[in-house]
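Chemist: Just so it is clear, I am handing over query20.txt, which has compact mmCIF, C-alpha atoms.
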```txt
# COMPACT_ATOMS: atom_id res chain seq x y z
CA MET A 1 1.83 51.15 -50.13
CA SER A 2 3.59 48.13 -48.66
CA LEU A 3 5.00 45.39 -50.87
CA ALA A 4 2.37 43.01 -49.49
CA SER A 5 -0.42 45.40 -50.50
CA GLU A 6 1.13 45.88 -53.93
CA LEU A 7 1.29 42.14 -54.47
CA GLN A 8 -2.29 41.71 -53.32
CA SER A 9 -3.41 44.28 -55.89
CA VAL A 10 -1.38 42.52 -58.59
CA ALA A 11 -2.98 39.17 -57.73
CA GLU A 12 -6.48 40.61 -57.57
CA ALA A 13 -6.03 42.16 -61.01
CA VAL A 14 -5.47 38.78 -62.66
CA PRO A 15 -8.63 37.73 -64.56
CA GLY A 16 -10.50 34.98 -62.71
CA VAL A 17 -9.23 35.85 -59.24
CA THR A 18 -12.17 36.50 -56.92
CA GLY A 19 -10.10 37.50 -53.92
CA VAL A 20 -7.07 36.98 -51.72
CA PHE A 21 -7.86 35.29 -48.42
CA PRO A 22 -5.99 36.02 -45.21
CA THR A 23 -3.20 33.45 -44.98
CA LEU A 24 -3.11 31.91 -41.54
CA ASN A 25 -0.49 29.18 -41.74
CA ALA A 26 2.39 30.92 -43.41
CA PRO A 27 5.74 32.21 -42.19
CA GLY A 28 5.13 35.71 -40.88
CA ALA A 29 1.37 35.34 -40.64
CA VAL A 30 1.32 35.08 -36.86
CA ILE A 31 3.41 38.23 -36.50
CA GLY A 32 1.20 40.05 -38.98
CA THR A 33 -1.92 39.01 -37.13
CA ALA A 34 -0.45 40.09 -33.80
CA ILE A 35 0.50 43.49 -35.20
CA GLY A 36 -3.01 43.81 -36.64
CA LEU A 37 -4.55 43.10 -33.25
CA VAL A 38 -2.38 45.76 -31.59
CA THR A 39 -2.83 48.40 -34.27
CA GLY A 40 -6.46 47.59 -35.04
CA THR A 41 -5.69 47.07 -38.71
CA ALA A 42 -6.40 44.02 -40.82
CA PRO A 43 -3.33 41.85 -41.31
CA ASP A 44 -1.94 41.67 -44.83
CA ALA A 45 -3.48 38.92 -46.93
CA VAL A 46 -0.14 38.43 -48.67
CA ILE A 47 2.66 37.35 -46.37
CA VAL A 48 6.11 38.58 -47.38
CA THR A 49 9.34 37.41 -45.80
CA ASP A 50 12.93 37.59 -47.01
CA ASP A 51 12.61 34.23 -48.74
CA ASP A 52 8.91 33.72 -49.42
CA VAL A 53 5.77 35.34 -50.69
CA THR A 54 2.65 33.44 -49.62
CA LEU A 55 -0.95 33.96 -50.57
CA THR A 56 -4.25 32.10 -50.76
CA ILE A 57 -6.65 32.93 -53.56
CA GLY A 58 -10.20 32.28 -54.69
CA VAL A 59 -10.94 31.68 -58.37
CA SER A 60 -14.14 32.21 -60.31
CA ALA A 61 -16.00 29.10 -61.46
CA SER A 62 -15.81 30.44 -64.98
CA ALA A 63 -12.01 30.66 -65.01
CA PRO A 64 -9.76 27.58 -65.10
CA ALA A 65 -8.39 27.40 -61.57
CA VAL A 66 -4.99 25.89 -62.35
CA ALA A 67 -4.32 28.24 -65.27
CA THR A 68 -5.42 31.20 -63.15
CA CYS A 69 -3.06 30.16 -60.37
CA ARG A 70 -0.18 30.01 -62.85
CA ALA A 71 -1.19 33.42 -64.22
CA VAL A 72 -1.09 34.88 -60.71
CA TYR A 73 2.37 33.41 -60.24
CA ALA A 74 3.56 34.96 -63.51
CA ALA A 75 2.14 38.37 -62.58
CA LEU A 76 3.73 38.32 -59.13
CA ALA A 77 7.07 37.05 -60.41
CA ASP A 78 7.17 39.83 -63.00
CA HIS A 79 6.30 42.47 -60.40
CA LEU A 80 8.95 41.21 -58.00
CA ALA A 81 11.58 40.86 -60.70
CA ALA A 82 11.09 44.52 -61.55
CA ALA A 83 12.27 45.23 -58.00
CA SER A 84 15.11 42.71 -58.35
CA LEU A 85 13.39 40.33 -55.94
CA THR A 86 13.25 36.60 -56.58
CA PRO A 87 11.60 34.96 -53.59
CA ARG A 88 9.87 31.62 -53.58
CA ILE A 89 6.21 32.27 -54.37
CA ARG A 90 3.64 30.06 -52.70
CA ILE A 91 0.08 30.28 -54.01
CA LEU A 92 -2.81 28.14 -52.83
CA VAL A 93 -6.20 28.05 -54.53
CA ALA A 94 -8.63 27.54 -51.64
CA GLN A 95 -11.97 28.22 -53.28
CA VAL A 96 -13.41 27.87 -56.77
CA GLY A 97 -16.78 29.43 -57.41
CA MET B 1 -18.02 18.97 -32.55
CA ASN B 2 -14.88 20.90 -31.71
CA ASP B 3 -13.18 19.42 -34.74
CA ASP B 4 -15.96 20.75 -36.95
CA ARG B 5 -15.53 24.25 -35.53
CA ASP B 6 -11.79 24.19 -36.07
CA ASP B 7 -12.00 22.85 -39.59
CA LEU B 8 -14.39 25.54 -40.78
CA ASP B 9 -12.28 28.28 -39.26
CA GLY B 10 -14.17 28.21 -35.99
CA HIS B 11 -17.68 27.83 -37.39
CA THR B 12 -20.12 24.96 -37.51
CA ILE B 13 -22.33 24.11 -40.45
CA GLU B 14 -25.31 25.08 -38.27
CA GLU B 15 -23.84 28.54 -37.72
CA LEU B 16 -23.34 28.93 -41.44
CA SER B 17 -26.92 27.87 -42.05
CA ASP B 18 -28.10 30.50 -39.57
CA TYR B 19 -25.90 33.06 -41.30
CA LEU B 20 -27.62 32.25 -44.59
CA ASP B 21 -31.00 32.54 -42.87
CA ALA B 22 -30.01 36.07 -41.89
CA ASP B 23 -29.17 36.84 -45.52
CA ARG B 24 -25.45 36.96 -44.60
CA LYS B 25 -26.06 39.93 -42.33
CA PRO B 26 -24.45 41.40 -40.39
CA TYR B 27 -21.35 40.81 -42.49
CA ASP B 28 -19.06 38.42 -40.65
CA PRO B 29 -15.44 38.66 -41.84
CA SER B 30 -14.50 35.46 -40.02
CA ILE B 31 -16.95 33.65 -42.31
CA GLU B 32 -16.55 35.64 -45.50
CA ASN B 33 -12.73 35.51 -45.30
CA SER B 34 -12.72 31.75 -44.81
CA PRO B 35 -12.43 29.68 -47.99
CA GLY B 36 -13.96 26.68 -46.23
CA CYS B 37 -16.93 28.68 -45.02
CA ARG B 38 -17.43 30.16 -48.49
CA ILE B 39 -17.40 26.69 -50.08
CA ALA B 40 -19.90 25.47 -47.52
CA LEU B 41 -22.13 28.54 -47.97
CA ASP B 42 -22.24 28.02 -51.74
CA ALA B 43 -23.18 24.36 -51.29
CA LEU B 44 -25.77 25.20 -48.64
CA GLU B 45 -27.44 27.73 -50.90
CA ARG B 46 -27.74 25.20 -53.71
CA LEU B 47 -28.93 22.49 -51.33
CA ARG B 48 -31.60 24.75 -49.90
CA SER B 49 -33.10 25.36 -53.27
CA ALA B 50 -33.23 21.63 -54.06
CA SER B 51 -34.16 20.35 -50.62
CA LEU B 52 -36.94 22.81 -50.01
CA ARG B 53 -38.62 21.63 -53.17
CA LEU B 54 -37.90 18.04 -52.22
CA LEU B 55 -39.29 18.38 -48.74
CA GLU B 56 -42.40 20.00 -50.17
CA ALA B 57 -42.79 17.11 -52.60
CA GLU B 58 -42.33 14.49 -49.89
CA ALA B 59 -44.67 16.29 -47.55
CA SER B 60 -47.41 15.85 -50.11
CA GLU B 61 -46.65 12.14 -50.49
CA GLU B 62 -45.49 11.02 -47.06
CA PRO B 63 -46.44 11.88 -43.49
CA GLU B 64 -42.91 12.88 -42.44
CA PRO B 65 -40.33 14.43 -44.73
CA ASP B 66 -36.92 12.82 -44.24
CA GLU B 67 -35.08 15.65 -42.52
CA ASN B 68 -32.37 13.29 -41.27
CA TRP B 69 -31.38 12.72 -44.84
CA ILE B 70 -30.95 16.46 -45.39
CA GLY B 71 -29.07 16.66 -42.10
CA GLY B 72 -26.65 14.03 -43.35
CA ILE B 73 -25.96 16.04 -46.50
CA LEU B 74 -25.40 19.17 -44.39
CA ALA B 75 -22.85 17.31 -42.28
CA ASN B 76 -21.07 16.10 -45.41
CA ILE B 77 -20.96 19.62 -46.83
CA GLY B 78 -19.25 20.78 -43.63
CA ARG B 79 -16.72 17.95 -43.71
CA GLU B 80 -15.98 18.34 -47.42
CA ALA B 81 -15.44 22.10 -47.20
CA ARG B 82 -12.39 21.56 -45.01
CA ALA B 83 -9.14 22.38 -46.80
CA GLY B 84 -7.91 18.80 -46.70
CA ARG B 85 -4.86 17.78 -48.67
CA ARG B 86 -2.79 20.19 -50.73
CA ILE B 87 -2.90 19.18 -54.39
CA PRO B 88 0.23 20.41 -56.17
CA ILE B 89 0.03 22.42 -59.38
CA GLU B 90 3.11 21.76 -61.46
CA HIS B 91 5.19 24.65 -62.76
CA PRO B 92 8.56 24.61 -64.51
CA ASP B 93 9.94 27.44 -62.36
CA PRO B 94 11.49 25.99 -59.17
CA ALA B 95 10.57 29.22 -57.36
CA ALA B 96 6.89 28.42 -57.86
CA ASP B 97 5.12 26.48 -55.13
CA LEU B 98 1.55 26.26 -56.35
CA GLY B 99 -1.37 24.19 -55.15
CA ILE B 100 -5.10 23.82 -54.80
CA THR B 101 -6.89 22.52 -51.73
CA GLU B 102 -8.75 19.23 -51.74
CA GLY B 103 -11.67 21.11 -50.19
CA SER B 104 -11.95 23.46 -53.14
CA VAL B 105 -11.86 20.52 -55.55
CA ARG B 106 -14.56 18.69 -53.58
CA GLY B 107 -16.54 21.92 -53.67
CA LEU B 108 -16.37 22.18 -57.44
CA VAL B 109 -17.27 18.49 -57.77
CA ARG B 110 -20.38 19.12 -55.68
CA ALA B 111 -21.18 22.27 -57.67
CA ALA B 112 -20.92 20.32 -60.92
CA ALA B 113 -23.11 17.55 -59.49
CA ASP B 114 -25.73 20.06 -58.44
CA THR B 115 -26.22 21.04 -62.09
CA VAL B 116 -27.50 17.56 -62.93
CA ASP B 117 -31.27 16.99 -62.79
CA GLY B 118 -32.59 13.76 -61.35
CA LEU B 119 -30.43 13.26 -58.31
CA ILE B 120 -28.80 14.95 -55.37
CA VAL B 121 -25.29 14.14 -54.19
CA GLY B 122 -24.86 13.28 -50.54
CA ARG B 123 -21.15 12.64 -50.30
CA THR B 124 -18.08 13.34 -52.40
CA ALA B 125 -14.56 11.98 -51.95
CA LEU B 126 -11.28 11.99 -53.83
CA GLU B 127 -9.71 8.55 -53.49
CA GLY B 128 -6.03 8.13 -54.22
CA ASP B 129 -2.90 10.13 -53.54
CA VAL B 130 -3.81 13.57 -54.87
CA THR B 131 -0.52 14.94 -53.52
CA VAL B 132 1.44 13.15 -56.26
CA PRO B 133 1.15 14.81 -59.69
CA GLY B 134 -0.09 12.41 -62.35
CA GLU B 135 -1.32 9.82 -59.88
CA PRO B 136 -4.64 8.37 -61.08
CA ILE B 137 -7.47 9.13 -58.67
CA THR B 138 -11.07 8.09 -58.34
CA VAL B 139 -13.92 10.45 -57.54
CA ALA B 140 -16.40 8.60 -55.35
CA LEU B 141 -19.92 9.97 -55.11
CA GLU B 142 -22.95 8.84 -53.17
CA ALA B 143 -26.23 10.13 -54.52
CA THR B 144 -29.94 9.93 -54.02
CA ALA B 145 -31.89 9.52 -57.24
CA TYR B 146 -35.25 11.11 -57.81
CA PHE B 147 -38.05 8.69 -58.56
CA GLY B 148 -38.96 8.68 -62.23
CA HIS B 149 -35.52 9.58 -63.54
CA PRO B 150 -33.63 6.76 -65.29
CA ILE B 151 -30.69 6.04 -63.01
CA PRO B 152 -28.14 4.86 -65.62
CA ALA B 153 -28.65 7.90 -67.83
CA THR B 154 -28.71 10.31 -64.89
CA THR B 155 -25.54 8.93 -63.32
CA GLU B 156 -23.81 9.13 -66.69
CA LEU B 157 -24.73 12.81 -66.90
CA LEU B 158 -23.30 13.21 -63.40
CA ARG B 159 -20.02 11.55 -64.41
CA GLU B 160 -19.75 13.81 -67.44
CA ALA B 161 -20.43 16.95 -65.40
CA VAL B 162 -17.80 16.03 -62.80
CA ARG B 163 -15.19 15.02 -65.36
CA SER B 164 -15.77 18.24 -67.28
CA ALA B 165 -15.40 20.42 -64.17
CA LEU B 166 -12.23 18.66 -63.05
CA ALA B 167 -10.73 18.87 -66.54
CA LEU B 168 -11.44 22.61 -66.62
CA HIS B 169 -10.09 23.44 -63.18
CA THR B 170 -7.44 20.85 -62.26
CA ASP B 171 -4.60 18.76 -63.62
CA LEU B 172 -5.87 15.67 -61.81
CA LEU B 173 -5.76 12.39 -63.68
CA ILE B 174 -9.24 10.97 -63.18
CA ALA B 175 -9.26 7.20 -63.48
CA ALA B 176 -12.94 6.89 -62.67
CA VAL B 177 -15.98 8.66 -61.33
CA ASP B 178 -17.79 6.06 -59.23
CA VAL B 179 -21.39 6.84 -58.44
CA THR B 180 -23.33 4.86 -55.85
CA VAL B 181 -27.05 5.51 -55.72
CA VAL B 182 -27.93 4.90 -52.10
CA ASP B 183 -31.58 5.91 -52.09
CA VAL B 184 -34.52 7.04 -54.18
CA HIS B 185 -36.73 9.96 -53.23
CA HIS B 186 -39.69 11.62 -54.80
CA ALA B 187 -38.59 14.22 -57.29
CA PRO B 188 -38.96 17.82 -56.28
CA PRO B 189 -41.35 19.76 -58.42
CA ARG B 190 -39.60 21.77 -61.08
CA PRO B 191 -39.32 25.44 -60.27
CA PRO B 192 -41.99 27.45 -62.05
CA ALA B 193 -40.80 27.65 -65.64
CA GLY B 194 -41.22 30.84 -65.35
CA ASP B 195 -41.60 33.39 -62.88
CA ASP B 196 -40.38 35.51 -65.74
CA ALA B 197 -42.93 34.04 -68.13
CA GLU B 198 -45.72 34.80 -65.73
CA GLU B 199 -44.53 38.29 -65.29
CA GLU B 200 -44.49 38.73 -69.03
CA ARG B 201 -48.13 37.75 -69.34
```
Transcribe the structure of this file into C-alpha cells.
Modeler:
Amino acid sequence: MSLASELQSVAEAVPGVTGVFPTLNAPGAVIGTAIGLVTGTAPDAVIVTDDDVTLTIGVSASAPAVATCRAVYAALADHLAAASLTPRIRILVAQVG
Amino acid sequence: MNDDRDDLDGHTIEELSDYLDADRKPYDPSIENSPGCRIALDALERLRSASLRLLEAEASEEPEPDENWIGGILANIGREARAGRRIPIEHPDPAADLGITEGSVRGLVRAAADTVDGLIVGRTALEGDVTVPGEPITVALEATAYFGHPIPATTELLREAVRSALALHTDLLIAAVDVTVVDVHHAPPRPPAGDDAEEER
C-alpha cells in the first residue's frame, strides 16, 4: 500500500469524515492524474510530495467540521511521525453534509 | 455558461438536476467526486421537496406557478456551491495548513435555512473577509416567506438556525445574520403527517 493510500485510510477512519475527494489543485496532482490516465487507475486522493501532504475531505453534518478537520490533522501527523516524516499537512473541508 | 460548467467541476446545475431525475444513475464519478456538485445535489434535493409542494399549492390558487422564481433559486444554488474563498482553520502547529471552503459554509447555511418552516431561502452570501481569522462577517440571506407565517418570528428562527449551524461547524465570528424577505408566496401544503400513520391504520 502506498503512503498516499495509507493516509487516505487514516483520514477516512476519523469519525465524521464522509470521504476524501480527489485533489485537483495541489502539487503533484497533475502528475498523479496523468499517471492515472496512462495506467487506467484512479489517481490518489491524497497527494504526497517531499514537503507536503494535501487532501480534501467531506464531513458529516452531524460532526463539527472544524474539529473534525483538526482531528484528521492529528491522525495524519501521528501516522507520519511514526515513519519519521514531518511534512506540511494541508487539509481542506470542501463539503459538510 | 462556461463559467458555470467550470465552477461545478464541468457540470451545470441543469445537468445535476437531470442526474437527480435519473436517481443518480448511472453513477457518475465526475459528479460524485466533486464537492461542489455534492453540495448542489443536496440543496437541489431539499428544494425539490419544498418547491414541488409549493408549485402544487400555487397551481391551485393561481393560473401559472412561478417557475422563474424556482429557476432563480436553482441558479443561486449552482453559484453558491462553488468552492469560493478558502476560510482558514487555525491550528497551533505551524505544519498544519487547514481550511474550509466558502462553498461548503454556504451549503451548510442553506441546509440550516431549509430546516425552518415558513420560508424558503433564495440566496446566501458571506459578507466580509472570511480569509482573516477572527474578522467579523455578516451572513446575508434573501428569502421568500410563505403567506400566513409571521415574518418576524420566522426570520428569527432562521437567524437562530444559521447561527447554530455556523457555531457548530466553523470558527467564524458572526456579527449579524441579515435576512431580507423579498417576496411572499402561498405556503406549500404540509407533507402528509403521516404516511407512516396511515400505514399504521
Chemist: To one decimal place, how far is atom CA of Gly78 of chain B from atom CA of Ala40 of chain B in Å?
Modeler: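 Value for the atom CA of Gly78 of chain B-atom CA of Ala40 of chain B distance: 6.1 Å.
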Chemist: Excluding Gly107 of chain B and residues on its chain fewer than 4 positions from it, collect all residues at most 8 Å away from it, counting all atoms listed in the file, and give them as a PyMOL selection string.
Modeler: (chain A and resi 95-96) or (chain B and resi 39-40+43+80-81+103+111)
Chemist: Against chain A, which residues of chain B fall within 12 Å? For each one I want the closest pair of atoms and the distance in Å (one decimal), counting only C-alpha atoms, rows by chain and increasing residue number, as a tab-separated table.
Modeler:
```
residue	atom	partner	partner_atom	distance
B:Asp9	CA	A:Leu24	CA	10.1
B:Pro29	CA	A:Pro22	CA	10.4
B:Ser30	CA	A:Pro22	CA	10.0
B:Ile31	CA	A:Phe21	CA	11.1
B:Glu32	CA	A:Phe21	CA	9.2
B:Asn33	CA	A:Phe21	CA	5.8
B:Ser34	CA	A:Phe21	CA	7.0
B:Pro35	CA	A:Gln95	CA	5.5
B:Gly36	CA	A:Gln95	CA	7.5
B:Cys37	CA	A:Gln95	CA	9.6
B:Arg38	CA	A:Gln95	CA	7.5
B:Ile39	CA	A:Gln95	CA	6.5
B:Ala40	CA	A:Gln95	CA	10.2
B:Leu41	CA	A:Gly97	CA	10.9
B:Asp42	CA	A:Gly97	CA	8.0
B:Ala43	CA	A:Gly97	CA	10.2
B:Ala81	CA	A:Gln95	CA	9.3
B:Arg82	CA	A:Ala94	CA	9.7
B:Ala83	CA	A:Ala94	CA	7.1
B:Gly84	CA	A:Ala94	CA	10.1
B:Arg85	CA	A:Ala94	CA	10.9
B:Arg86	CA	A:Leu92	CA	8.2
B:Ile87	CA	A:Leu92	CA	9.1
B:Pro88	CA	A:Leu92	CA	9.0
B:Ile89	CA	A:Val66	CA	6.8
B:Glu90	CA	A:Arg70	CA	9.0
B:His91	CA	A:Arg70	CA	7.6
B:Pro92	CA	A:Arg70	CA	10.4
B:Asp93	CA	A:Arg88	CA	9.7
B:Pro94	CA	A:Arg88	CA	8.1
B:Ala95	CA	A:Arg88	CA	4.5
B:Ala96	CA	A:Ile89	CA	5.2
B:Asp97	CA	A:Arg90	CA	4.6
B:Leu98	CA	A:Ile91	CA	4.9
B:Gly99	CA	A:Leu92	CA	4.8
B:Ile100	CA	A:Val93	CA	4.4
B:Thr101	CA	A:Ala94	CA	5.3
B:Glu102	CA	A:Ala94	CA	8.3
B:Gly103	CA	A:Ala94	CA	7.3
B:Ser104	CA	A:Gln95	CA	4.8
B:Val105	CA	A:Val96	CA	7.6
B:Arg106	CA	A:Val96	CA	9.8
B:Gly107	CA	A:Val96	CA	7.4
B:Leu108	CA	A:Val96	CA	6.4
B:Val109	CA	A:Val96	CA	10.2
B:Arg110	CA	A:Gly97	CA	11.1
B:Ala111	CA	A:Gly97	CA	8.4
B:Ala112	CA	A:Ala61	CA	10.1
B:Ser164	CA	A:Pro64	CA	11.3
B:Ala165	CA	A:Ala61	CA	9.1
B:Leu166	CA	A:Pro64	CA	9.5
B:Ala167	CA	A:Pro64	CA	8.9
B:Leu168	CA	A:Pro64	CA	5.5
B:His169	CA	A:Pro64	CA	4.6
B:Thr170	CA	A:Val66	CA	5.6
B:Asp171	CA	A:Val66	CA	7.3
B:Leu172	CA	A:Val66	CA	10.3
```
Chemist: Mind giving me the straight-line distance from atom CA of Thr154 of chain B to atom CA of Arg79 of chain B in Å, one decimal?
Modeler: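 Atom-to-atom, atom CA of Thr154 of chain B to atom CA of Arg79 of chain B, that is 25.5 Å.
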Chemist: In Å, with one decimal, what is the gap from atom CA of Ala143 of chain B to atom CA of Val181 of chain B?
Modeler: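 Distance between the two atoms: 4.8 Å.
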Chemist: List every protein, DNA or RNA residue with an atom no more than 6 Å from (-7.5, 11.9, -59.0) in the file's coordinates, counting all atoms listed in the file, and format the result as a VMD selection string.
Modeler: chain B and resid 130 136 to 138 172 to 174
Chemist: Find the smallest box with edges along x, y and z containing every listed atom of segment 84-92 of chain B, then add 4 Å on each side and report centre and edge lengths in Å to one decimal, as AutoDock Vina command-line options.
Modeler:
```
--center_x 0.3 --center_y 21.2 --center_z -55.6 --size_x 24.5 --size_y 14.9 --size_z 25.8
```
Chemist: List every protein, DNA or RNA residue with an atom no more than 12 Å from (-27.1, 6.0, -52.3) in the file's coordinates, counting all atoms listed in the file, and format the result as JSON, numbers by chain.
Modeler: {"B": [69, 73, 119, 120, 121, 122, 123, 124, 140, 141, 142, 143, 144, 145, 146, 151, 155, 178, 179, 180, 181, 182, 183, 184, 185]}
Chemist: With only C-alpha atoms as the basis for distance, which of A:Leu3, A:Val14, A:Ala82, A:Gln8 is at the shortest distance from Asp50 of chain A?
Modeler: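 Among A:Leu3, A:Val14, A:Ala82, A:Gln8, it is A:Leu3 that comes nearest to Asp50 of chain A.
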Chemist: Let me make sure I understand: among A:Asp44, A:Asp51, A:Met1, A:Ala71, which one has the smallest atom-to-atom distance to Ala13 of chain A if we use only C-alpha atoms?
Modeler: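 Smallest distance to Ala13 of chain A is found for A:Ala71.
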Chemist: So, with all atoms listed in the file as the atoms that count, which of B:Glu67, B:Glu45, B:Pro152, B:Val177 lies closest to Leu20 of chain B?
Modeler: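 Smallest distance to Leu20 of chain B is found for B:Glu45.
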